[in-house]
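The data block below is query.tsv; it holds TSV, C-alpha atoms.
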```tsv
chain	number	residue	atom	x	y	z
A	1	MET	CA	-65.10	-49.57	-31.46
A	2	THR	CA	-62.05	-48.45	-33.35
A	3	ASP	CA	-61.64	-45.78	-35.96
A	4	CYS	CA	-60.61	-46.53	-39.51
A	5	PRO	CA	-57.49	-44.64	-40.56
A	6	ARG	CA	-59.17	-43.83	-43.88
A	7	GLY	CA	-60.73	-40.53	-42.89
A	8	ASP	CA	-61.95	-39.93	-46.42
A	9	MET	CA	-63.97	-43.13	-46.29
A	10	ARG	CA	-65.38	-42.40	-42.84
A	11	ASP	CA	-66.44	-38.98	-44.06
A	12	LEU	CA	-68.55	-40.61	-46.75
A	13	LEU	CA	-70.38	-43.07	-44.54
A	14	PRO	CA	-73.25	-40.72	-43.62
A	15	ASP	CA	-73.67	-39.95	-47.31
A	16	LEU	CA	-73.83	-43.67	-47.96
A	17	VAL	CA	-76.56	-43.99	-45.34
A	18	HIS	CA	-78.52	-41.21	-47.00
A	19	GLU	CA	-77.83	-42.60	-50.48
A	20	GLN	CA	-76.31	-39.36	-51.63
A	21	LEU	CA	-73.29	-40.78	-53.40
A	22	ASP	CA	-72.92	-41.21	-57.10
A	23	ALA	CA	-72.64	-44.76	-58.36
A	24	ALA	CA	-68.87	-44.84	-58.66
A	25	THR	CA	-68.24	-43.41	-55.21
A	26	ARG	CA	-70.87	-45.61	-53.67
A	27	ALA	CA	-69.20	-48.68	-55.14
A	28	GLU	CA	-65.80	-47.57	-53.88
A	29	VAL	CA	-67.08	-46.96	-50.35
A	30	ALA	CA	-68.96	-50.26	-50.36
A	31	ARG	CA	-65.81	-52.13	-51.34
A	32	HIS	CA	-63.91	-50.45	-48.54
A	33	VAL	CA	-66.60	-51.18	-45.96
A	34	ALA	CA	-66.64	-54.81	-47.02
A	35	SER	CA	-62.97	-55.10	-46.18
A	36	CYS	CA	-62.86	-52.79	-43.14
A	37	ARG	CA	-64.40	-53.95	-39.91
A	38	ALA	CA	-64.17	-50.52	-38.24
A	39	CYS	CA	-66.05	-48.85	-41.07
A	40	ALA	CA	-68.61	-51.64	-41.18
A	41	GLU	CA	-69.30	-51.13	-37.48
A	42	GLU	CA	-69.45	-47.37	-37.88
A	43	LEU	CA	-71.84	-47.71	-40.80
A	44	GLU	CA	-74.13	-49.91	-38.73
A	45	LEU	CA	-73.88	-47.47	-35.86
A	46	LEU	CA	-74.85	-44.62	-38.16
A	47	ARG	CA	-77.89	-46.51	-39.41
A	48	SER	CA	-78.94	-47.27	-35.87
A	49	MET	CA	-78.36	-43.69	-34.79
A	50	ARG	CA	-80.45	-42.43	-37.66
A	51	ARG	CA	-83.28	-44.74	-36.68
A	52	ALA	CA	-82.99	-43.78	-33.04
A	53	LEU	CA	-82.84	-40.05	-33.60
A	54	SER	CA	-85.08	-39.63	-36.59
A	55	PRO	CA	-88.66	-40.09	-35.46
A	56	ALA	CA	-90.15	-36.94	-36.91
A	57	PRO	CA	-92.62	-35.21	-34.64
A	58	HIS	CA	-95.91	-34.42	-36.24
A	59	VAL	CA	-96.24	-30.96	-37.69
A	60	ASP	CA	-99.34	-29.55	-39.29
A	61	VAL	CA	-98.02	-28.51	-42.67
A	62	ALA	CA	-101.29	-26.93	-43.75
A	63	ARG	CA	-101.43	-24.80	-40.64
A	64	ILE	CA	-97.86	-23.65	-41.08
A	65	ALA	CA	-98.45	-22.82	-44.73
A	66	ALA	CA	-101.55	-20.86	-43.79
A	67	ALA	CA	-99.57	-18.93	-41.22
A	68	VAL	CA	-96.94	-18.10	-43.82
A	69	VAL	CA	-99.56	-16.88	-46.27
A	70	ALA	CA	-101.33	-14.90	-43.57
A	71	SER	CA	-98.09	-13.26	-42.56
A	72	ARG	CA	-97.69	-11.89	-46.05
A	73	GLY	CA	-100.31	-9.27	-45.25
A	74	ALA	CA	-99.83	-6.45	-42.87
A	75	SER	CA	-100.67	-8.57	-39.88
A	76	ALA	CA	-99.84	-12.13	-39.12
A	77	ALA	CA	-102.27	-14.88	-38.36
A	78	PRO	CA	-103.58	-14.90	-34.82
A	79	ASP	CA	-101.38	-17.78	-33.79
A	80	VAL	CA	-98.29	-16.38	-35.44
A	81	ARG	CA	-95.98	-14.20	-33.50
A	82	PRO	CA	-95.11	-10.88	-35.09
A	83	LEU	CA	-92.46	-11.16	-37.72
A	84	HIS	CA	-89.00	-10.32	-36.60
A	85	ALA	CA	-90.29	-9.75	-33.14
A	86	GLN	CA	-86.79	-9.73	-31.82
A	87	GLN	CA	-85.44	-7.37	-34.42
A	88	ALA	CA	-88.17	-4.79	-34.01
A	89	PRO	CA	-87.03	-3.40	-30.68
A	90	ARG	CA	-83.55	-3.10	-32.03
A	91	VAL	CA	-84.76	-0.92	-34.88
A	92	GLY	CA	-86.86	1.12	-32.47
A	93	HIS	CA	-83.88	1.65	-30.23
A	94	ARG	CA	-81.85	2.79	-33.19
A	95	VAL	CA	-84.45	5.38	-34.17
A	96	ALA	CA	-84.82	6.56	-30.60
A	97	TRP	CA	-81.09	7.01	-30.27
A	98	ARG	CA	-80.98	8.96	-33.51
A	99	ILE	CA	-83.76	11.28	-32.33
A	100	ALA	CA	-82.03	11.77	-29.01
A	101	ALA	CA	-78.77	12.52	-30.75
A	102	GLY	CA	-80.56	15.06	-32.93
A	103	PHE	CA	-81.96	16.81	-29.88
A	104	VAL	CA	-78.56	16.93	-28.26
A	105	VAL	CA	-76.97	18.41	-31.37
A	106	ALA	CA	-79.76	20.95	-31.73
A	107	ALA	CA	-79.46	21.93	-28.07
A	108	LEU	CA	-75.72	22.37	-28.38
A	109	ALA	CA	-76.11	24.46	-31.51
A	110	LEU	CA	-78.76	26.63	-29.87
A	111	GLY	CA	-76.67	27.04	-26.77
A	112	THR	CA	-73.67	28.05	-28.80
A	113	TRP	CA	-75.73	30.56	-30.74
A	114	PHE	CA	-77.17	32.08	-27.58
A	115	ALA	CA	-73.77	32.26	-26.02
A	116	ALA	CA	-72.47	34.08	-29.07
A	117	GLN	CA	-75.41	36.47	-29.11
A	118	PHE	CA	-75.54	37.35	-25.46
A	119	ARG	CA	-71.94	37.06	-24.48
A	120	PRO	CA	-71.17	39.92	-22.08
A	121	SER	CA	-69.39	42.54	-24.09
A	122	HIS	CA	-66.44	44.46	-22.89
A	123	PRO	CA	-66.98	46.83	-20.01
A	124	PRO	CA	-69.20	49.72	-20.92
A	125	VAL	CA	-67.35	52.24	-22.84
A	126	THR	CA	-68.70	54.94	-20.72
A	127	VAL	CA	-67.05	53.57	-17.63
A	128	ALA	CA	-63.87	52.50	-19.23
A	129	ALA	CA	-63.84	55.66	-21.13
A	130	ALA	CA	-61.51	57.73	-19.32
A	131	PRO	CA	-61.11	58.51	-15.79
A	132	THR	CA	-59.26	61.63	-16.74
A	133	HIS	CA	-62.33	63.21	-18.22
A	134	MET	CA	-64.73	62.50	-15.49
A	135	ASP	CA	-65.57	65.93	-14.42
A	136	SER	CA	-65.09	67.69	-17.60
A	137	VAL	CA	-67.18	67.71	-20.62
A	138	PRO	CA	-64.66	66.47	-22.97
A	139	PRO	CA	-65.57	65.40	-26.36
A	140	ALA	CA	-66.10	61.78	-26.78
A	141	PRO	CA	-62.82	61.03	-28.47
A	142	HIS	CA	-61.29	60.18	-25.17
A	143	ALA	CA	-64.05	57.72	-24.74
A	144	THR	CA	-62.95	56.00	-27.88
A	145	VAL	CA	-59.63	55.26	-26.34
A	146	ALA	CA	-61.19	52.85	-23.95
A	147	PRO	CA	-61.78	50.11	-26.47
A	148	LEU	CA	-58.04	49.95	-26.99
A	149	THR	CA	-57.78	47.78	-23.96
A	150	ALA	CA	-60.88	45.84	-24.67
A	151	PRO	CA	-61.12	42.89	-27.01
A	152	SER	CA	-63.88	44.49	-28.89
A	153	HIS	CA	-64.35	44.82	-32.54
A	154	SER	CA	-63.00	47.95	-33.99
A	155	SER	CA	-66.50	49.06	-34.84
A	156	ALA	CA	-67.15	49.64	-31.19
A	157	ALA	CA	-64.85	52.55	-31.24
A	158	VAL	CA	-66.76	54.11	-34.04
A	159	LYS	CA	-70.12	53.51	-32.47
A	160	THR	CA	-69.26	55.04	-29.20
A	161	PRO	CA	-69.31	58.68	-30.24
A	162	ALA	CA	-72.58	58.18	-32.01
A	163	ALA	CA	-74.33	57.11	-28.88
A	164	PRO	CA	-74.11	59.94	-26.47
A	165	LYS	CA	-74.89	59.01	-22.94
A	166	MET	CA	-74.90	60.83	-19.72
A	167	LEU	CA	-74.40	59.32	-16.38
A	168	ALA	CA	-76.49	61.47	-14.15
A	169	SER	CA	-74.82	60.48	-10.95
A	170	THR	CA	-71.35	61.26	-12.14
A	171	GLY	CA	-72.07	63.96	-14.58
A	172	LEU	CA	-70.09	62.10	-17.15
A	173	VAL	CA	-71.07	63.33	-20.51
A	174	MET	CA	-70.49	61.36	-23.63
A	175	ASP	CA	-71.46	63.60	-26.43
A	176	GLY	CA	-70.09	65.21	-29.51
A	177	GLY	CA	-68.47	63.78	-32.59
A	178	VAL	CA	-65.39	63.81	-34.73
A	179	LYS	CA	-66.32	67.16	-36.11
A	180	ASP	CA	-65.99	68.63	-32.62
A	181	LEU	CA	-62.44	67.46	-32.20
A	182	SER	CA	-59.55	69.78	-32.41
A	183	ASP	CA	-56.70	68.99	-34.75
A	184	GLY	CA	-54.63	67.74	-31.82
A	185	ASP	CA	-57.39	65.51	-30.65
A	186	VAL	CA	-57.82	64.09	-34.12
A	187	ARG	CA	-54.11	63.35	-34.38
A	188	MET	CA	-54.16	61.70	-31.00
A	189	LEU	CA	-57.17	59.69	-32.04
A	190	LEU	CA	-55.53	58.56	-35.23
A	191	GLN	CA	-52.40	57.56	-33.36
A	192	SER	CA	-54.48	55.61	-30.97
A	193	LEU	CA	-56.25	53.90	-33.81
A	194	ASP	CA	-52.92	53.08	-35.43
A	195	SER	CA	-51.81	51.45	-32.26
A	196	LEU	CA	-54.82	49.17	-32.23
A	197	SER	CA	-54.03	45.56	-32.82
A	198	SER	CA	-55.86	44.01	-35.71
A	199	VAL	CA	-56.25	40.89	-33.71
A	200	PRO	CA	-58.16	41.45	-30.52
A	201	ASP	CA	-57.13	39.68	-27.36
A	202	ALA	CA	-58.84	36.48	-26.67
A	203	ASP	CA	-59.90	37.65	-23.24
A	204	PRO	CA	-60.60	41.13	-22.06
A	205	THR	CA	-58.08	42.62	-19.76
A	206	PRO	CA	-59.49	42.68	-16.28
A	207	MET	CA	-60.36	46.16	-15.26
A	208	SER	CA	-61.71	47.27	-11.97
A	209	TYR	CA	-62.97	50.67	-11.08
A	210	GLN	CA	-64.56	51.83	-7.97
A	211	ILE	CA	-67.43	54.14	-8.55
A	212	ASP	CA	-68.87	56.26	-5.85
A	213	ASP	CA	-70.37	59.65	-5.54
A	214	GLY	CA	-67.08	61.23	-6.25
A	215	GLY	CA	-66.79	59.51	-9.53
A	216	VAL	CA	-64.58	56.78	-10.78
A	217	GLN	CA	-61.49	56.14	-8.68
B	1	MET	CA	-82.01	-33.45	-45.27
B	2	THR	CA	-82.45	-36.00	-47.93
B	3	GLU	CA	-86.21	-35.82	-48.21
B	4	PRO	CA	-86.72	-32.33	-49.57
B	5	LYS	CA	-84.74	-32.77	-52.74
B	6	PRO	CA	-87.15	-32.13	-55.59
B	7	THR	CA	-87.49	-34.67	-58.32
B	8	ALA	CA	-87.10	-33.77	-61.94
B	9	ASP	CA	-90.82	-33.13	-62.19
B	10	GLU	CA	-90.97	-30.90	-59.13
B	11	PRO	CA	-90.07	-27.24	-59.21
B	12	THR	CA	-86.88	-26.28	-57.46
B	13	ASP	CA	-86.83	-24.14	-54.36
B	14	GLY	CA	-85.65	-21.23	-56.47
B	15	ALA	CA	-88.55	-21.59	-58.86
B	16	LEU	CA	-91.02	-21.77	-55.97
B	17	ILE	CA	-89.49	-18.70	-54.38
B	18	ALA	CA	-89.92	-16.84	-57.65
B	19	ARG	CA	-93.54	-17.95	-57.81
B	20	TRP	CA	-94.09	-16.79	-54.23
B	21	ARG	CA	-92.58	-13.42	-55.01
B	22	SER	CA	-94.94	-13.06	-57.95
B	23	GLY	CA	-97.89	-13.69	-55.67
B	24	ASP	CA	-98.44	-17.43	-55.96
B	25	GLU	CA	-99.39	-18.50	-52.45
B	26	ARG	CA	-99.47	-22.15	-53.43
B	27	ALA	CA	-95.69	-21.96	-53.75
B	28	ALA	CA	-95.44	-21.35	-50.02
B	29	THR	CA	-97.44	-24.47	-49.32
B	30	LEU	CA	-95.18	-26.55	-51.52
B	31	LEU	CA	-92.06	-25.20	-49.85
B	32	VAL	CA	-93.48	-25.86	-46.40
B	33	GLU	CA	-94.46	-29.40	-47.40
B	34	ARG	CA	-90.97	-29.98	-48.69
B	35	HIS	CA	-89.01	-28.72	-45.70
B	36	ALA	CA	-91.27	-28.89	-42.66
B	37	THR	CA	-90.67	-32.50	-41.67
B	38	PRO	CA	-86.85	-32.43	-41.88
B	39	LEU	CA	-86.92	-29.17	-39.98
B	40	ALA	CA	-89.13	-30.69	-37.30
B	41	ARG	CA	-86.79	-33.66	-37.02
B	42	PHE	CA	-83.82	-31.35	-36.64
B	43	VAL	CA	-85.55	-29.17	-34.06
B	44	ALA	CA	-86.55	-32.24	-32.09
B	45	GLY	CA	-83.05	-33.60	-32.38
B	46	LEU	CA	-81.76	-30.47	-30.70
B	47	GLY	CA	-83.94	-31.21	-27.68
B	48	GLU	CA	-86.79	-28.79	-28.23
B	49	ARG	CA	-89.73	-30.45	-26.59
B	50	ARG	CA	-93.29	-29.28	-26.84
B	51	GLU	CA	-92.91	-26.50	-29.29
B	52	VAL	CA	-91.46	-28.24	-32.28
B	53	GLU	CA	-94.29	-27.17	-34.52
B	54	GLU	CA	-94.19	-23.64	-33.21
B	55	VAL	CA	-90.50	-23.40	-33.92
B	56	VAL	CA	-90.99	-24.79	-37.41
B	57	GLN	CA	-93.82	-22.38	-38.08
B	58	ASP	CA	-91.84	-19.47	-36.72
B	59	THR	CA	-88.94	-20.51	-38.92
B	60	PHE	CA	-91.07	-20.41	-42.05
B	61	VAL	CA	-92.81	-17.18	-41.15
B	62	ARG	CA	-89.51	-15.45	-40.54
B	63	ALA	CA	-87.96	-16.90	-43.63
B	64	PHE	CA	-90.80	-15.89	-45.90
B	65	ALA	CA	-90.93	-12.44	-44.37
B	66	SER	CA	-87.30	-11.98	-45.39
B	67	LEU	CA	-87.53	-13.79	-48.67
B	68	ASP	CA	-87.17	-10.58	-50.65
B	69	GLY	CA	-83.70	-10.25	-49.22
B	70	PHE	CA	-82.81	-13.86	-49.94
B	71	ARG	CA	-80.22	-13.83	-52.70
B	72	GLY	CA	-79.78	-17.53	-53.00
B	73	GLU	CA	-76.14	-17.47	-51.90
B	74	SER	CA	-76.99	-20.44	-49.73
B	75	SER	CA	-79.71	-22.98	-50.31
B	76	LEU	CA	-83.14	-22.34	-48.88
B	77	ARG	CA	-82.77	-25.51	-46.86
B	78	THR	CA	-79.56	-24.29	-45.24
B	79	TRP	CA	-81.16	-20.95	-44.56
B	80	LEU	CA	-84.20	-22.53	-42.93
B	81	PHE	CA	-82.06	-24.73	-40.75
B	82	THR	CA	-79.99	-21.76	-39.69
B	83	ILE	CA	-83.11	-19.86	-38.65
B	84	ALA	CA	-84.46	-22.90	-36.82
B	85	ARG	CA	-81.20	-23.43	-35.01
B	86	ASN	CA	-81.12	-19.82	-33.87
B	87	LEU	CA	-84.71	-20.02	-32.69
B	88	VAL	CA	-83.99	-23.15	-30.69
B	89	ARG	CA	-80.95	-21.53	-29.16
B	90	ASP	CA	-82.89	-18.39	-28.28
B	91	ARG	CA	-85.59	-20.43	-26.64
B	92	ALA	CA	-83.10	-22.53	-24.76
B	93	ARG	CA	-81.39	-19.41	-23.54
B	94	SER	CA	-84.56	-17.67	-22.43
B	95	ARG	CA	-86.09	-20.74	-20.83
B	96	ARG	CA	-83.04	-22.36	-19.40
B	97	GLY	CA	-84.49	-22.28	-15.94
B	98	ALA	CA	-87.83	-23.62	-17.04
B	99	ARG	CA	-86.41	-26.88	-18.32
B	100	ASP	CA	-88.33	-26.65	-21.57
B	101	VAL	CA	-85.40	-28.02	-23.47
B	102	VAL	CA	-85.16	-31.55	-22.29
B	103	SER	CA	-83.36	-34.66	-23.18
B	104	ILE	CA	-84.06	-36.41	-26.40
B	105	GLU	CA	-85.21	-39.45	-24.49
B	106	GLU	CA	-87.63	-37.35	-22.49
B	107	TRP	CA	-88.98	-35.80	-25.64
B	108	HIS	CA	-89.14	-39.16	-27.27
B	109	ALA	CA	-91.21	-40.49	-24.41
B	110	ALA	CA	-93.60	-37.58	-24.66
B	111	THR	CA	-94.47	-37.61	-28.32
B	112	GLU	CA	-97.34	-39.31	-29.93
B	113	HIS	CA	-94.90	-41.68	-31.58
B	114	ASP	CA	-94.36	-43.26	-28.23
B	115	ALA	CA	-96.46	-46.29	-28.88
B	116	LEU	CA	-94.81	-47.17	-32.14
B	117	ASP	CA	-91.33	-46.23	-30.99
B	118	ALA	CA	-91.70	-48.07	-27.74
B	119	ALA	CA	-92.51	-51.17	-29.68
B	120	VAL	CA	-89.43	-50.98	-31.85
B	121	ALA	CA	-87.00	-49.20	-29.61
B	122	ASP	CA	-84.60	-51.41	-27.81
B	123	GLU	CA	-82.04	-50.72	-25.18
B	124	THR	CA	-79.40	-49.99	-27.80
B	125	GLU	CA	-81.39	-47.14	-29.28
B	126	ALA	CA	-82.06	-45.71	-25.86
B	127	GLN	CA	-78.35	-45.85	-25.22
B	128	MET	CA	-77.71	-44.03	-28.46
B	129	ARG	CA	-80.02	-41.23	-27.52
B	130	ARG	CA	-78.33	-40.95	-24.18
B	131	ALA	CA	-74.98	-40.87	-25.93
B	132	VAL	CA	-76.07	-37.91	-28.04
B	133	GLU	CA	-77.13	-36.10	-24.92
B	134	THR	CA	-73.58	-36.21	-23.66
B	135	LEU	CA	-72.35	-34.18	-26.62
B	136	THR	CA	-71.67	-30.48	-26.51
B	137	PRO	CA	-74.37	-28.33	-28.13
B	138	MET	CA	-72.22	-27.75	-31.19
B	139	GLN	CA	-71.33	-31.42	-31.53
B	140	ARG	CA	-74.96	-32.33	-31.13
B	141	GLU	CA	-76.05	-29.90	-33.84
B	142	VAL	CA	-73.37	-31.01	-36.25
B	143	PHE	CA	-73.96	-34.69	-35.58
B	144	THR	CA	-77.73	-34.36	-35.95
B	145	LEU	CA	-77.40	-32.48	-39.20
B	146	ARG	CA	-74.92	-34.99	-40.56
B	147	VAL	CA	-76.48	-38.24	-39.41
B	148	THR	CA	-80.20	-37.58	-39.39
B	149	GLY	CA	-80.17	-34.82	-41.96
B	150	GLY	CA	-77.53	-36.08	-44.34
B	151	MET	CA	-76.12	-32.61	-44.80
B	152	SER	CA	-72.71	-32.05	-46.25
B	153	TYR	CA	-70.04	-30.40	-44.13
B	154	LYS	CA	-70.37	-27.32	-46.28
B	155	GLU	CA	-74.08	-27.08	-45.55
B	156	ILE	CA	-73.54	-27.77	-41.86
B	157	ALA	CA	-70.90	-25.06	-41.69
B	158	ALA	CA	-73.39	-22.59	-43.13
B	159	VAL	CA	-76.06	-23.61	-40.63
B	160	VAL	CA	-73.88	-23.46	-37.53
B	161	SER	CA	-71.88	-20.43	-38.69
B	162	SER	CA	-68.61	-22.27	-38.77
B	163	THR	CA	-66.16	-23.60	-41.31
B	164	GLU	CA	-66.28	-26.80	-43.24
B	165	GLY	CA	-63.16	-28.06	-41.50
B	166	ALA	CA	-64.49	-27.23	-38.07
B	167	ALA	CA	-67.75	-29.00	-38.86
B	168	ARG	CA	-65.81	-32.11	-39.86
B	169	VAL	CA	-63.81	-31.99	-36.64
B	170	HIS	CA	-66.97	-31.58	-34.57
B	171	TYR	CA	-68.56	-34.52	-36.33
B	172	HIS	CA	-65.62	-36.85	-35.76
B	173	ASN	CA	-65.26	-35.72	-32.15
B	174	ALA	CA	-68.94	-36.41	-31.65
B	175	MET	CA	-68.65	-39.83	-33.23
B	176	ARG	CA	-65.67	-40.65	-31.03
B	177	ALA	CA	-67.53	-39.51	-27.91
B	178	ILE	CA	-70.55	-41.60	-28.85
B	179	LYS	CA	-68.43	-44.68	-29.45
B	180	GLU	CA	-66.71	-44.22	-26.10
B	181	PHE	CA	-70.05	-43.81	-24.38
B	182	LEU	CA	-71.43	-46.94	-25.99
B	183	ASP	CA	-68.27	-48.94	-25.28
B	184	ASP	CA	-68.42	-48.14	-21.57
```
Is it possible to express this structure as structure tokens?
Amino acid sequence: MTDCPRGDMRDLLPDLVHEQLDAATRAEVARHVASCRACAEELELLRSMRRALSPAPHVDVARIAAAVVASRGASAAPDVRPLHAQQAPRVGHRVAWRIAAGFVVAALALGTWFAAQFRPSHPPVTVAAAPTHMDSVPPAPHATVAPLTAPSHSSAAVKTPAAPKMLASTGLVMDGGVKDLSDGDVRMLLQSLDSLSSVPDADPTPMSYQIDDGGVQ
Amino acid sequence: MTEPKPTADEPTDGALIARWRSGDERAATLLVERHATPLARFVAGLGERREVEEVVQDTFVRAFASLDGFRGESSLRTWLFTIARNLVRDRARSRRGARDVVSIEEWHAATEHDALDAAVADETEAQMRRAVETLTPMQREVFTLRVTGGMSYKEIAAVVSSTEGAARVHYHNAMRAIKEFLDD
């Protein structure tokens, strides 16, 4: 079997078989087929193919229609599979993933918050305070110098004098207030404060002290 | 397919869809009556064996469940055929090992039309069915839609998710392959 070079005509042959052409086109195609052996053979082949392939299997239209109507409600008919059975798991997966993502985000946020709240602060002021005043009972101002090396907020320096502590084992006394300072101490304190950087270091400077019965070394 | 085209007296698919949306269940019956047989023929033509009716029913149930989202950009017929094609493909994929999708000839021999068909079928028709079996899945779909369904290339392209030009090429390649098979 050969092919007709008139592709436009060959394209219309199935439509001719199915009687889907308007009168003018049908007449044109019929004239061509009458004069073209290849198209005549192809047309006959198409008719035979249609006959051979077209036996329609029986379907129960009423049953299908009933299933469609039944599926309109919340549940489908007993012999009807759930609607969009394949899509449903996909939607469920999507929701599950979103919930999981929410938990992860919440956990991260909580962790970050806890880390911010309970981050180990700079070394205790009392220890960093001042080795030079260990055995004396100096006023606290010297203790306020310690934060200079620590990446603490400036408020730490203010709080320190207000929280007198005493280390029993060392006899280190942290007491007193600004009012107890001498003029020289106040000047020194102010100079120290002036030397404070407004931007604290990102990381605290490592400090190591050895504490024993003799005090801080 | 050529059968479902409504006459001047019959409501169009769009009108029936509107009636269904407004609660008229009879509209569903009319739409099923109009499209079920061509759909069954198409499904059978793709090689689906025992479950033709189930596929057709599933097609309608899925289509009607999504009818609210149907905007009419394609015809209902094209949409139904697309759903049916996907269902057949899904079944073929999931049951490939079970041999549920069989040759057209095998299906043909197993249907209740056997008696009648056996009487009229000759060796040429059997050869034709065998020729279709040699086609690629895409060629087979396009050829079935074109020859037994009478669909235009535009409609076929919508059903098989391709282009009009590609559908035309698939059809002509299929026709060439069938001719070569029959000439051998």
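For the atom pair formed by CA of Pro57 (chain A) and CA of Val61 (chain B), the distance is 19.2 Å, given to one decimal.
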CA of Arg50 (chain A) to CA of Val32 (chain B), straight-line distance in Å: 22.8 Å
Separation of CA of Gly47 (chain B) from CA of Glu141 (chain B) in Å: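 It comes out at 10.1 Å.
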Expected answer as an MDAnalysis selection string: chain A residues within 10 Å of chain B, all atoms listed in the file: chainID A and resid 1:3 7 10:20 42 45:73 76 79:85
Contact residues around Arg89 (chain B) with all atoms listed in the file at 12 Å, ignoring same-chain residues under 4 positions, as a PDB file with C-alpha atoms, in the frame of the given file:
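Full text of part_14.pdb as output:
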```
ATOM      1  CA  VAL B  43     -85.550 -29.170 -34.060  1.00  0.00           C
ATOM      2  CA  LEU B  46     -81.760 -30.470 -30.700  1.00  0.00           C
ATOM      3  CA  GLY B  47     -83.940 -31.210 -27.680  1.00  0.00           C
ATOM      4  CA  GLU B  48     -86.790 -28.790 -28.230  1.00  0.00           C
ATOM      5  CA  VAL B  55     -90.500 -23.400 -33.920  1.00  0.00           C
ATOM      6  CA  THR B  82     -79.990 -21.760 -39.690  1.00  0.00           C
ATOM      7  CA  ILE B  83     -83.110 -19.860 -38.650  1.00  0.00           C
ATOM      8  CA  ALA B  84     -84.460 -22.900 -36.820  1.00  0.00           C
ATOM      9  CA  ARG B  85     -81.200 -23.430 -35.010  1.00  0.00           C
ATOM     10  CA  ARG B  93     -81.390 -19.410 -23.540  1.00  0.00           C
ATOM     11  CA  SER B  94     -84.560 -17.670 -22.430  1.00  0.00           C
ATOM     12  CA  ARG B  95     -86.090 -20.740 -20.830  1.00  0.00           C
ATOM     13  CA  ARG B  96     -83.040 -22.360 -19.400  1.00  0.00           C
ATOM     14  CA  ASP B 100     -88.330 -26.650 -21.570  1.00  0.00           C
ATOM     15  CA  VAL B 101     -85.400 -28.020 -23.470  1.00  0.00           C
ATOM     16  CA  PRO B 137     -74.370 -28.330 -28.130  1.00  0.00           C
ATOM     17  CA  MET B 138     -72.220 -27.750 -31.190  1.00  0.00           C
ATOM     18  CA  GLU B 141     -76.050 -29.900 -33.840  1.00  0.00           C
ATOM     19  CA  VAL B 160     -73.880 -23.460 -37.530  1.00  0.00           C
TER      20      VAL B 160
END
```
Around region 34-39 of chain B, fit a box with edges along x, y and z, padding it by 5 Å on each side, then list its centre and edge lengths in Å to one decimal as AutoDock Vina command-line options.
```
--center_x -89.1 --center_y -30.6 --center_z -44.3 --size_x 14.4 --size_y 13.8 --size_z 18.7
```
Top pick for closest residue to Ser162 (chain B), considering B:Ser22, B:Ser75, B:Thr12, B:Gln139 and counting all atoms listed in the file: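 For Ser162 (chain B), the nearest of the candidates is B:Gln139.
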Counting only C-alpha atoms, the option among B:Ile17, B:Ile156, B:Leu87, B:Ala92 closest to Gly69 (chain B): B:Ile17
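Around Ala158 (chain B), within 12 Å and counting all atoms listed in the file, the residues found are Glu73, Ser74, Ser75, Leu76, Arg77, Thr78, Trp79, Leu80, Phe81, Thr82, Ile83, Arg85, Val142, Leu145, Met151, Ser152, Glu164, Gly165, Ala166 and Ala167 of chain B, once anything fewer than 6 positions away on its own chain is removed.
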